[in-house]
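> Sharing target.txt (compact mmCIF, C-alpha atoms and all ligand atoms) below.
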```txt
# COMPACT_ATOMS: atom_id res chain seq x y z
CA MET A 53 -93.54 84.90 -35.01
CA GLY A 54 -96.50 86.16 -36.89
CA GLN A 55 -98.60 84.79 -39.65
CA GLU A 56 -99.31 86.14 -43.10
CA THR A 57 -102.04 85.40 -45.58
CA ILE A 58 -101.82 85.61 -49.34
CA GLN A 59 -104.64 84.99 -51.74
CA VAL A 60 -104.88 82.77 -54.81
CA GLY A 61 -107.28 84.78 -57.00
CA LEU A 62 -109.44 82.42 -59.03
CA GLY A 63 -112.85 84.12 -58.92
CA ASP A 64 -115.35 82.07 -56.92
CA ARG A 65 -112.66 79.42 -56.41
CA SER A 66 -110.22 81.86 -54.74
CA TYR A 67 -108.61 80.77 -51.49
CA PRO A 68 -106.23 81.98 -48.79
CA ILE A 69 -102.77 80.60 -47.98
CA THR A 70 -101.84 81.21 -44.34
CA ILE A 71 -98.10 81.02 -43.63
CA GLY A 72 -96.25 81.22 -40.31
CA THR A 73 -95.62 79.53 -36.98
CA GLY A 74 -98.47 78.29 -34.81
CA VAL A 75 -100.74 77.85 -37.83
CA LEU A 76 -101.58 74.21 -36.97
CA ALA A 77 -103.11 75.18 -33.63
CA GLN A 78 -105.44 77.67 -35.31
CA ILE A 79 -106.75 75.54 -38.14
CA GLY A 80 -109.96 74.64 -36.30
CA ALA A 81 -110.88 78.27 -35.64
CA SER A 82 -110.14 79.23 -39.26
CA LEU A 83 -112.22 76.36 -40.64
CA GLN A 84 -115.07 77.21 -38.32
CA THR A 85 -115.07 80.84 -39.46
CA ALA A 86 -114.84 79.87 -43.13
CA LYS A 87 -117.73 77.38 -42.81
CA ILE A 88 -116.19 74.97 -45.30
CA ALA A 89 -117.78 71.78 -43.97
CA LYS A 90 -119.56 70.45 -40.91
CA ARG A 91 -117.19 67.51 -40.39
CA PHE A 92 -113.69 66.69 -41.69
CA ALA A 93 -111.82 63.49 -42.52
CA ILE A 94 -108.18 64.22 -41.78
CA ILE A 95 -106.29 62.16 -44.38
CA SER A 96 -102.65 61.56 -43.47
CA ASP A 97 -99.84 59.03 -43.66
CA ASP A 98 -98.56 56.94 -40.75
CA ARG A 99 -95.49 59.13 -40.13
CA VAL A 100 -97.12 62.57 -40.26
CA SER A 101 -100.25 61.49 -38.37
CA ALA A 102 -98.04 60.21 -35.52
CA LEU A 103 -96.39 63.65 -35.28
CA TYR A 104 -99.27 66.07 -35.89
CA GLY A 105 -102.56 64.16 -36.22
CA GLU A 106 -103.62 64.62 -32.62
CA GLN A 107 -102.72 68.34 -32.60
CA VAL A 108 -104.82 69.06 -35.69
CA GLN A 109 -107.72 66.96 -34.45
CA ARG A 110 -107.62 68.83 -31.11
CA SER A 111 -107.63 72.18 -32.90
CA LEU A 112 -110.78 71.18 -34.81
CA GLN A 113 -112.41 69.80 -31.67
CA GLN A 114 -111.73 73.03 -29.74
CA ALA A 115 -113.50 74.93 -32.52
CA GLY A 116 -116.50 72.60 -32.24
CA LEU A 117 -115.76 70.69 -35.47
CA ASN A 118 -115.96 66.90 -35.63
CA SER A 119 -113.18 65.05 -37.37
CA GLU A 120 -111.92 61.54 -38.01
CA LEU A 121 -108.34 60.59 -38.77
CA ILE A 122 -107.81 58.21 -41.70
CA VAL A 123 -104.24 57.03 -42.26
CA PHE A 124 -102.39 55.19 -45.04
CA ALA A 125 -98.79 54.02 -45.42
CA HIS A 126 -96.25 56.77 -46.18
CA GLY A 127 -94.36 56.85 -49.46
CA GLU A 128 -94.81 57.24 -53.20
CA ALA A 129 -96.03 53.60 -53.54
CA SER A 130 -99.29 54.70 -51.86
CA LYS A 131 -99.99 57.18 -54.67
CA HIS A 132 -102.05 54.54 -56.38
CA LEU A 133 -105.64 54.09 -57.48
CA LEU A 134 -105.99 51.29 -54.92
CA THR A 135 -105.40 53.81 -52.12
CA ILE A 136 -108.15 56.03 -53.56
CA GLY A 137 -110.57 53.08 -53.57
CA THR A 138 -109.69 52.10 -50.02
CA LEU A 139 -110.05 55.66 -48.71
CA ALA A 140 -113.36 56.20 -50.57
CA SER A 141 -114.76 53.02 -49.01
CA GLU A 142 -113.57 54.20 -45.62
CA LEU A 143 -115.33 57.56 -46.07
CA ALA A 144 -118.54 55.84 -47.18
CA GLU A 145 -118.40 53.39 -44.25
CA ARG A 146 -118.08 56.33 -41.86
CA GLY A 147 -121.00 58.11 -43.48
CA PHE A 148 -119.14 61.04 -45.04
CA ASP A 149 -121.40 62.95 -47.42
CA ARG A 150 -121.40 66.12 -49.50
CA GLY A 151 -121.71 68.35 -46.45
CA ASP A 152 -118.37 67.04 -45.18
CA GLY A 153 -114.81 67.87 -46.20
CA LEU A 154 -111.31 66.43 -46.34
CA LEU A 155 -108.17 67.82 -44.73
CA ALA A 156 -104.87 66.72 -46.29
CA LEU A 157 -102.25 66.54 -43.52
CA GLY A 158 -98.87 65.61 -44.97
CA GLY A 159 -96.47 65.98 -47.85
CA GLY A 160 -97.01 65.93 -51.61
CA VAL A 161 -98.29 62.34 -51.75
CA VAL A 162 -100.93 62.99 -49.09
CA GLY A 163 -101.98 66.26 -50.75
CA ASP A 164 -102.22 64.78 -54.25
CA ILE A 165 -104.19 61.74 -53.05
CA THR A 166 -106.54 63.74 -50.83
CA GLY A 167 -107.20 66.35 -53.52
CA PHE A 168 -107.95 63.64 -56.09
CA LEU A 169 -110.25 61.83 -53.68
CA ALA A 170 -112.04 65.10 -52.81
CA SER A 171 -112.54 65.83 -56.50
CA ILE A 172 -114.30 62.53 -57.22
CA TYR A 173 -115.89 61.38 -53.93
CA MET A 174 -119.65 61.94 -54.38
CA ARG A 175 -118.68 63.95 -57.49
CA GLY A 176 -116.71 66.42 -55.40
CA ILE A 177 -116.50 67.57 -51.79
CA PRO A 178 -114.45 70.46 -50.35
CA PHE A 179 -110.92 69.96 -49.09
CA VAL A 180 -108.14 71.94 -47.45
CA GLN A 181 -104.39 71.47 -47.63
CA VAL A 182 -102.14 71.34 -44.57
CA PRO A 183 -98.74 70.64 -46.16
CA THR A 184 -96.00 69.38 -43.83
CA SER A 185 -93.08 68.95 -46.24
CA LEU A 186 -91.18 71.87 -47.78
CA LEU A 187 -91.99 70.55 -51.25
CA ALA A 188 -95.71 70.54 -50.54
CA GLN A 189 -95.55 73.96 -48.83
CA VAL A 190 -93.86 75.70 -51.75
CA ASP A 191 -95.47 73.87 -54.65
CA SER A 192 -97.84 70.92 -54.63
CA SER A 193 -100.38 72.17 -52.05
CA VAL A 194 -101.09 75.32 -54.08
CA GLY A 195 -102.71 75.35 -57.52
CA GLY A 196 -105.11 72.40 -57.46
CA LYS A 197 -103.18 69.65 -59.21
CA THR A 198 -104.23 66.27 -57.84
CA GLY A 199 -103.54 62.72 -58.91
CA VAL A 200 -101.98 59.31 -58.61
CA ASP A 201 -99.24 57.39 -60.43
CA ILE A 202 -99.58 54.42 -62.76
CA PRO A 203 -96.73 52.09 -63.79
CA GLN A 204 -96.27 54.10 -67.03
CA GLY A 205 -95.48 57.31 -65.19
CA LYS A 206 -96.15 59.75 -62.38
CA ASN A 207 -99.40 61.70 -62.03
CA LEU A 208 -100.82 60.27 -65.27
CA ILE A 209 -104.28 60.12 -63.68
CA GLY A 210 -105.60 63.21 -61.94
CA THR A 211 -107.73 66.31 -61.87
CA PHE A 212 -107.48 70.07 -61.42
CA TYR A 213 -109.38 70.73 -58.21
CA GLN A 214 -108.64 73.72 -55.99
CA PRO A 215 -108.52 73.49 -52.19
CA LYS A 216 -110.66 75.86 -50.11
CA ALA A 217 -107.66 76.96 -48.05
CA VAL A 218 -103.98 76.15 -47.48
CA PHE A 219 -102.43 76.24 -43.99
CA ILE A 220 -98.62 76.31 -43.87
CA ASP A 221 -96.98 75.96 -40.45
CA THR A 222 -93.26 76.53 -40.95
CA SER A 223 -92.40 74.99 -37.55
CA VAL A 224 -93.22 71.48 -38.82
CA LEU A 225 -90.11 71.63 -41.01
CA THR A 226 -88.01 70.87 -37.89
CA THR A 227 -89.25 67.25 -38.00
CA LEU A 228 -88.77 66.84 -41.75
CA PRO A 229 -85.96 64.40 -42.73
CA ALA A 230 -82.96 66.34 -44.13
CA GLU A 231 -83.19 64.71 -47.56
CA GLU A 232 -86.82 65.77 -47.90
CA PHE A 233 -85.94 69.35 -46.97
CA LEU A 234 -83.36 69.39 -49.75
CA SER A 235 -85.91 67.85 -52.12
CA GLY A 236 -88.16 70.85 -51.37
CA MET A 237 -85.23 73.21 -51.93
CA ALA A 238 -84.99 71.94 -55.51
CA GLU A 239 -88.54 73.22 -56.11
CA VAL A 240 -87.64 76.50 -54.38
CA ILE A 241 -84.63 76.91 -56.68
CA LYS A 242 -86.92 76.09 -59.63
CA TYR A 243 -88.89 79.32 -59.00
CA GLY A 244 -85.76 81.44 -58.94
CA ALA A 245 -84.18 79.78 -61.97
CA SER A 246 -87.32 79.92 -64.11
CA ILE A 247 -89.18 83.09 -63.01
CA ASP A 248 -87.35 85.29 -60.51
CA ALA A 249 -83.62 86.03 -60.87
CA ASP A 250 -83.56 88.23 -57.72
CA PHE A 251 -84.98 85.33 -55.70
CA PHE A 252 -82.33 83.03 -57.24
CA ASN A 253 -79.61 85.40 -56.01
CA TRP A 254 -81.28 85.73 -52.60
CA LEU A 255 -81.21 81.93 -52.23
CA GLY A 256 -77.47 81.99 -52.87
CA ALA A 257 -76.90 84.79 -50.35
CA ASN A 258 -79.02 83.20 -47.59
CA ARG A 259 -77.95 79.57 -47.92
CA GLU A 260 -76.62 79.15 -44.37
CA ALA A 261 -79.66 80.66 -42.66
CA ILE A 262 -82.00 78.63 -44.86
CA LEU A 263 -80.20 75.35 -44.18
CA ALA A 264 -80.26 76.23 -40.46
CA LEU A 265 -84.06 76.62 -40.79
CA GLU A 266 -84.00 80.17 -39.39
CA PRO A 267 -87.66 81.25 -39.36
CA ALA A 268 -86.70 84.83 -40.34
CA VAL A 269 -85.60 83.56 -43.77
CA VAL A 270 -87.59 80.33 -44.20
CA ALA A 271 -91.01 82.00 -43.87
CA PRO A 272 -90.29 84.72 -46.48
CA MET A 273 -88.78 82.06 -48.75
CA ILE A 274 -91.96 79.97 -48.63
CA ARG A 275 -94.08 83.07 -49.02
CA ARG A 276 -92.20 84.13 -52.18
CA CYS A 277 -92.68 80.66 -53.71
CA CYS A 278 -96.41 80.75 -52.92
CA GLU A 279 -96.72 84.25 -54.40
CA LEU A 280 -95.02 83.13 -57.61
CA LYS A 281 -97.12 79.96 -57.78
CA ALA A 282 -100.32 81.95 -57.21
CA TRP A 283 -99.29 84.45 -59.91
CA VAL A 284 -98.79 81.65 -62.45
CA VAL A 285 -101.92 79.67 -61.50
CA GLU A 286 -104.12 82.79 -61.58
CA GLN A 287 -103.17 83.29 -65.23
CA ASP A 288 -103.24 79.67 -66.35
CA GLU A 289 -105.04 77.39 -63.93
CA ARG A 290 -105.27 74.35 -66.24
CA GLU A 291 -101.81 74.50 -67.77
CA GLY A 292 -102.75 75.71 -71.23
CA GLY A 293 -99.55 77.74 -71.50
CA LEU A 294 -97.76 79.78 -68.80
CA ARG A 295 -98.17 77.17 -66.04
CA ARG A 296 -95.90 74.85 -67.98
CA ILE A 297 -92.96 76.93 -66.78
CA LEU A 298 -93.50 75.33 -63.36
CA ASN A 299 -92.44 72.07 -64.98
CA PHE A 300 -88.91 73.42 -65.37
CA GLY A 301 -86.65 70.41 -64.73
CA HIS A 302 -89.63 68.07 -64.40
CA THR A 303 -89.71 66.49 -67.86
CA ILE A 304 -86.34 64.82 -67.45
CA GLY A 305 -86.76 64.84 -63.65
CA HIS A 306 -89.89 62.67 -63.78
CA ALA A 307 -88.14 60.27 -66.16
CA VAL A 308 -85.13 60.02 -63.81
CA GLU A 309 -87.44 59.49 -60.84
CA ALA A 310 -89.36 56.71 -62.61
CA ALA A 311 -86.22 55.06 -64.03
CA SER A 312 -84.80 54.95 -60.50
CA GLY A 313 -87.88 52.97 -59.42
CA TYR A 314 -88.79 56.04 -57.30
CA GLN A 315 -85.67 55.47 -55.18
CA LEU A 316 -84.48 59.00 -56.08
CA ILE A 317 -87.07 61.24 -54.46
CA HIS A 318 -88.91 63.91 -56.44
CA GLY A 319 -86.89 67.06 -55.72
CA LEU A 320 -83.56 65.33 -56.12
CA SER A 321 -84.73 64.05 -59.52
CA VAL A 322 -85.92 67.57 -60.42
CA ALA A 323 -82.47 68.96 -59.48
CA ILE A 324 -80.90 66.49 -61.93
CA GLY A 325 -83.58 67.41 -64.48
CA MET A 326 -82.94 71.17 -64.11
CA ARG A 327 -79.24 70.70 -64.71
CA ALA A 328 -79.99 68.46 -67.70
CA VAL A 329 -82.26 71.03 -69.39
CA ALA A 330 -79.79 73.82 -68.69
CA GLU A 331 -77.19 71.73 -70.54
CA LEU A 332 -79.71 71.08 -73.30
CA ALA A 333 -80.37 74.83 -73.62
CA VAL A 334 -76.63 75.48 -73.95
CA ARG A 335 -76.28 72.70 -76.57
CA CYS A 336 -79.23 74.06 -78.56
CA GLY A 337 -77.83 77.59 -78.47
CA TYR A 338 -80.73 78.99 -76.44
CA ALA A 339 -78.59 79.85 -73.40
CA ASP A 340 -75.09 80.95 -72.56
CA GLN A 341 -72.99 78.42 -70.67
CA GLN A 342 -72.96 80.73 -67.62
CA VAL A 343 -76.64 79.92 -67.08
CA ALA A 344 -75.83 76.24 -66.60
CA VAL A 345 -72.78 77.10 -64.48
CA ARG A 346 -74.77 79.34 -62.11
CA LEU A 347 -77.59 76.82 -61.79
CA VAL A 348 -75.23 73.94 -61.03
CA GLU A 349 -73.40 76.09 -58.47
CA LEU A 350 -76.59 76.90 -56.58
CA LEU A 351 -77.84 73.30 -56.70
CA ARG A 352 -74.52 72.10 -55.32
CA GLN A 353 -74.54 74.77 -52.61
CA TYR A 354 -77.77 73.10 -51.44
CA ARG A 355 -76.16 69.65 -51.68
CA LEU A 356 -78.47 68.63 -54.50
CA PRO A 357 -77.43 66.07 -57.13
CA THR A 358 -76.72 67.36 -60.63
CA GLU A 359 -75.80 64.21 -62.59
CA ILE A 360 -77.99 61.48 -64.03
CA PRO A 361 -76.81 58.40 -62.05
CA ALA A 362 -74.15 56.57 -64.09
CA GLY A 363 -75.81 53.16 -64.01
CA MET A 364 -79.28 54.38 -64.96
CA ASP A 365 -80.93 52.55 -67.91
CA ARG A 366 -80.91 55.16 -70.73
CA ASP A 367 -83.55 53.29 -72.77
CA ALA A 368 -85.87 53.33 -69.78
CA LEU A 369 -85.22 57.08 -69.42
CA ARG A 370 -86.19 57.66 -73.06
CA ARG A 371 -89.38 55.59 -72.66
CA TYR A 372 -90.39 57.56 -69.59
CA LEU A 373 -89.70 60.83 -71.40
CA GLN A 374 -92.07 59.82 -74.19
CA ALA A 375 -94.76 58.82 -71.68
CA ASP A 376 -94.58 62.24 -70.00
CA LYS A 377 -98.05 63.75 -70.01
CA LYS A 378 -96.78 67.02 -71.46
CA THR A 379 -95.91 65.12 -74.64
CA ILE A 380 -98.19 66.28 -77.46
CA GLY A 381 -98.39 64.35 -80.74
CA GLY A 382 -95.30 62.35 -79.81
CA ARG A 383 -93.16 65.49 -79.33
CA VAL A 384 -91.59 66.08 -75.96
CA PHE A 385 -91.84 69.70 -74.82
CA PHE A 386 -88.97 71.08 -72.76
CA VAL A 387 -88.86 74.13 -70.52
CA LEU A 388 -85.41 75.50 -71.33
CA PRO A 389 -83.64 78.37 -69.53
CA GLU A 390 -82.59 81.31 -71.68
CA ALA A 391 -81.23 83.19 -68.67
CA ILE A 392 -81.59 82.84 -64.91
CA GLY A 393 -85.24 83.78 -64.26
CA LYS A 394 -86.34 83.36 -67.89
CA VAL A 395 -87.41 80.23 -69.75
CA ARG A 396 -88.81 79.22 -73.13
CA ILE A 397 -91.06 76.25 -73.83
CA THR A 398 -90.17 74.39 -76.98
CA ASP A 399 -90.29 71.07 -78.76
CA GLN A 400 -87.59 72.28 -81.16
CA VAL A 401 -84.85 70.05 -79.80
CA ASP A 402 -82.96 67.49 -81.87
CA ASP A 403 -83.17 63.88 -80.76
CA ALA A 404 -79.36 63.73 -80.97
CA ASP A 405 -79.09 66.56 -78.41
CA ILE A 406 -81.55 64.81 -76.10
CA ASP A 407 -79.58 61.58 -76.44
CA ALA A 408 -76.33 63.39 -75.63
CA ILE A 409 -77.86 64.93 -72.51
CA LEU A 410 -79.33 61.61 -71.37
CA ALA A 411 -75.88 60.08 -71.89
CA GLY A 412 -74.51 62.72 -69.52
CA THR A 413 -72.46 64.62 -72.11
CA TYR A 414 -72.26 68.02 -70.44
CA SER A 415 -70.18 71.12 -71.05
CA ASP A 416 -66.56 70.74 -69.90
CA SER A 417 -66.38 73.32 -67.15
CA LEU A 418 -69.15 71.73 -65.08
CA SER A 419 -68.10 68.14 -64.55
N1 LIG B 501 -95.96 71.57 -59.78
C1 LIG B 501 -96.29 72.17 -61.00
C2 LIG B 501 -97.65 72.79 -61.04
O1 LIG B 501 -98.32 72.80 -60.04
O2 LIG B 501 -98.08 73.23 -62.06
```
What would you get if you wrote out this structure as structure tokens?

Amino acid sequence: MGQETIQVGLGDRSYPITIGTGVLAQIGASLQTAKIAKRFAIISDDRVSALYGEQVQRSLQQAGLNSELIVFAHGEASKHLLTIGTLASELAERGFDRGDGLLALGGGVVGDITGFLASIYMRGIPFVQVPTSLLAQVDSSVGGKTGVDIPQGKNLIGTFYQPKAVFIDTSVLTTLPAEEFLSGMAEVIKYGASIDADFFNWLGANREAILALEPAVVAPMIRRCCELKAWVVEQDEREGGLRRILNFGHTIGHAVEAASGYQLIHGLSVAIGMRAVAELAVRCGYADQQVAVRLVELLRQYRLPTEIPAGMDRDALRRYLQADKKTIGGRVFFVLPEAIGKVRITDQVDDADIDAILAGTYSDSLS
């Protein structure tokens, strides 16, 4: 299998995304050619480092680059300011300075933490993303959002800080737990549902091959997501407008994720959130019911949840919605579908409609 490179065009902060099989083995040579840093701290979690840490370190070594592996505990609980402090101390102890760089080896948590650390350590050092989960490969590793969670909500502290390069090896998906693959598929479906109707239909037509991880479909799928993400980020890097469409399903999704105590992982919460806003769009008269029907059908084809869990504390959900960082002046902004592949961003939603959706009152034909 070959490799392909696409470019995120952001002027002097532009960077390449390399996608394909065998990418991990070539990272060292690529970093050497790009002259990003003289030494790298490979930041990873315990699970991913056990699988791929040695391979990446060897690739750097073969290219004549020094590296050190620094590992923290896997899971969303690590996405905390304390982890940033611990890692920064570790870098300082090992003598990392502004001529050095970071390499994020892992899923979304590793990428968000490493990017945030890179953006503030010594007022900013270069970093590269090596995403190993589907979610990170199609979304979080591209576009420069970094951050950590606080008890009031996810990603409430963070920066916009672009990586110098992204390396996506599709073969690592074979070791990804099934639930995490599906979590990534929710973000993949997000692109189709909010921006690209043809891609949405393609996902429906290629479901079996995608779930079987056939490289001939998985690589183009990831590539399409990265192209769409690059297209959005190039026009609105700091989320002043267009980039908010990438939050389709995330406003309610983040609230569901937080209200579950982070037991429901990100993509599964986003799947529930996408269905909820589709229902909201139908209730508000912005979308025809078929939009919600088609979205629910595709989510279910990918075995994704589409209901807010029955026992979930609705008051907690409302509180988390209000704390969402896209809230402006106390109004919650929603990204609502008008059609498959087309959304509108609005705060013109009645509280009664939001309450009905949070209570799980959906249109009849979809229950
Ligand atoms: N994941 C949404 C964004 O990067 O803007």
> Can you find the residues with an atom no farther than 10 Å from (-105.3, 71.8, -46.3), counting all atoms listed in the file, and report them as a list in words?
Ile69, Ile79, Ile94, Ile95, Leu154, Leu155, Ala156, Leu157, Gly158, Gly163, Thr166, Gly167, Phe179, Val180, Gln181, Val182, Pro183, Thr184, Ser193, Val194, Pro215, Lys216, Ala217, Val218, Phe219 and Ile220 of chain A
> From the list A:Lys131, A:His306, A:Lys90, A:Arg110, which residue is nearest Asp152 in chain A when using all atoms listed in the file?
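Among the listed residues, the smallest separation from Asp152 in chain A belongs to A:Lys90.
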> List every protein, DNA or RNA residue with an atom no more than 9 Å from (-78.3, 80.1, -62.7) in the file's coordinates, counting only C-alpha atoms, and format the result as a list of chain:residue names.
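Result, sorted by chain then residue number: A:Gly244, A:Ala245, A:Ala249, A:Phe252, A:Asn253, A:Ala330, A:Gln342, A:Val343, A:Ala344, A:Val345, A:Arg346, A:Leu347, A:Val348, A:Glu349, A:Leu350, A:Pro389, A:Ala391, A:Ile392, A:Gly393.
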> Filtering to C-alpha atoms, could you give me those residues as a PDB file, keeping the file's coordinate frame?

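Writing the result to result-v1.pdb gives the following:
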```
ATOM      1  CA  GLY A 244     -85.760  81.440 -58.940  1.00  0.00           C
ATOM      2  CA  ALA A 245     -84.180  79.780 -61.970  1.00  0.00           C
ATOM      3  CA  ALA A 249     -83.620  86.030 -60.870  1.00  0.00           C
ATOM      4  CA  PHE A 252     -82.330  83.030 -57.240  1.00  0.00           C
ATOM      5  CA  ASN A 253     -79.610  85.400 -56.010  1.00  0.00           C
ATOM      6  CA  ALA A 330     -79.790  73.820 -68.690  1.00  0.00           C
ATOM      7  CA  GLN A 342     -72.960  80.730 -67.620  1.00  0.00           C
ATOM      8  CA  VAL A 343     -76.640  79.920 -67.080  1.00  0.00           C
ATOM      9  CA  ALA A 344     -75.830  76.240 -66.600  1.00  0.00           C
ATOM     10  CA  VAL A 345     -72.780  77.100 -64.480  1.00  0.00           C
ATOM     11  CA  ARG A 346     -74.770  79.340 -62.110  1.00  0.00           C
ATOM     12  CA  LEU A 347     -77.590  76.820 -61.790  1.00  0.00           C
ATOM     13  CA  VAL A 348     -75.230  73.940 -61.030  1.00  0.00           C
ATOM     14  CA  GLU A 349     -73.400  76.090 -58.470  1.00  0.00           C
ATOM     15  CA  LEU A 350     -76.590  76.900 -56.580  1.00  0.00           C
ATOM     16  CA  PRO A 389     -83.640  78.370 -69.530  1.00  0.00           C
ATOM     17  CA  ALA A 391     -81.230  83.190 -68.670  1.00  0.00           C
ATOM     18  CA  ILE A 392     -81.590  82.840 -64.910  1.00  0.00           C
ATOM     19  CA  GLY A 393     -85.240  83.780 -64.260  1.00  0.00           C
TER      20      GLY A 393
END
```
> What residues have any atom no more than 12 Å from ligand LIG 501 (chain B) when counting only C-alpha atoms and all ligand atoms, and can you list them as a count of residues only?
58
> With all atoms listed in the file as the atoms that count, which of A:Ala115, A:Leu263, A:Val269, A:Ala140 lies nearest to Ala77 in chain A?
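Selected residue with least distance to Ala77 in chain A: A:Ala115.
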> Which of these, A:Tyr173, A:Val75, A:Gly382, A:Ser185, has the shortest distance to Arg99 in chain A once you count all atoms listed in the file?
A:Ser185
> Find, counting only C-alpha atoms, the residue in A:Ser312, A:Ser223, A:Thr85, A:Thr398 that gets nearest to Gly54 in chain A.
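Using only C-alpha atoms, the shortest distance to Gly54 in chain A belongs to A:Ser223.
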> Between CA of Leu351 in chain A and CA of Val384 in chain A, what is the distance in Å, rounded to a tenth?
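Taking CA of Leu351 in chain A as the start and CA of Val384 in chain A as the end point, the length is 24.7 Å.
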> Please provide as a ChimeraX atom specification all residues within 12 Å of Ile360 in chain A, with the sequence filter that same-chain residues fewer than 5 positions apart are discarded (counting only C-alpha atoms).
/A:304-309,311-312,316,320-329,365-366,369,408-414,419
> Between CA of Cys336 in chain A and CA of Gln400 in chain A, what is the distance, to one decimal in Å?
8.9 Å
> Would you please work out which residue, of A:Phe168, A:Phe233, A:Tyr314, A:Tyr372, is nearest to Ala264 in chain A when using all atoms listed in the file?
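Between A:Phe168, A:Phe233, A:Tyr314, A:Tyr372, the residue approaching Ala264 in chain A most closely is A:Phe233.
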> Go through A:Gln109, A:Gln341, A:Lys87, A:Glu128 one by one, measure the shortest atom-to-atom distance of each to Pro203 in chain A using all atoms listed in the file, and give the residue with the smallest value.
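Residue with the minimum atom-to-atom distance to Pro203 in chain A: A:Glu128.
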> One decimal, in Å: what's the spacing between CA of Ile88 in chain A and CA of Val270 in chain A?
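Interatomic distance, CA of Ile88 in chain A to CA of Val270 in chain A: 29.1 Å.
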> Please identify all polymer residues within 9 Å of Glu279 in chain A, counting only C-alpha atoms, omitting same-chain residues fewer than 5 positions from it, and present them as a PyMOL selection string.
chain A and resi 58-60+274+284
> Is it possible to add N, CA and C atoms to range 147-160 of chain A and hand it back as a compact mmCIF listing (two decimals), in the frame of the given file?

```
# COMPACT_ATOMS: atom_id res chain seq x y z
N GLY A 147 -119.85 57.25 -43.22
CA GLY A 147 -121.00 58.11 -43.48
C GLY A 147 -120.66 59.52 -43.94
N PHE A 148 -119.48 59.69 -44.54
CA PHE A 148 -119.14 61.04 -45.04
C PHE A 148 -119.98 61.36 -46.28
N ASP A 149 -120.56 62.56 -46.28
CA ASP A 149 -121.40 62.95 -47.42
C ASP A 149 -120.98 64.32 -47.94
N ARG A 150 -121.80 64.89 -48.82
CA ARG A 150 -121.40 66.12 -49.50
C ARG A 150 -121.31 67.34 -48.60
N GLY A 151 -121.85 67.23 -47.39
CA GLY A 151 -121.71 68.35 -46.45
C GLY A 151 -120.40 68.30 -45.70
N ASP A 152 -119.62 67.22 -45.90
CA ASP A 152 -118.37 67.04 -45.18
C ASP A 152 -117.18 67.42 -46.06
N GLY A 153 -116.00 67.48 -45.44
CA GLY A 153 -114.81 67.87 -46.20
C GLY A 153 -113.62 67.01 -45.83
N LEU A 154 -112.56 67.13 -46.62
CA LEU A 154 -111.31 66.43 -46.34
C LEU A 154 -110.23 67.44 -45.96
N LEU A 155 -109.32 67.00 -45.12
CA LEU A 155 -108.17 67.82 -44.73
C LEU A 155 -106.92 66.99 -45.01
N ALA A 156 -106.10 67.45 -45.93
CA ALA A 156 -104.87 66.72 -46.29
C ALA A 156 -103.76 67.15 -45.34
N LEU A 157 -103.31 66.23 -44.47
CA LEU A 157 -102.25 66.54 -43.52
C LEU A 157 -101.02 65.72 -43.88
N GLY A 158 -100.07 66.34 -44.58
CA GLY A 158 -98.87 65.61 -44.97
C GLY A 158 -98.13 66.26 -46.11
N GLY A 159 -97.28 65.47 -46.75
CA GLY A 159 -96.47 65.98 -47.85
C GLY A 159 -97.19 65.89 -49.18
N GLY A 160 -96.42 65.89 -50.27
CA GLY A 160 -97.01 65.93 -51.61
C GLY A 160 -97.89 64.73 -51.92
```
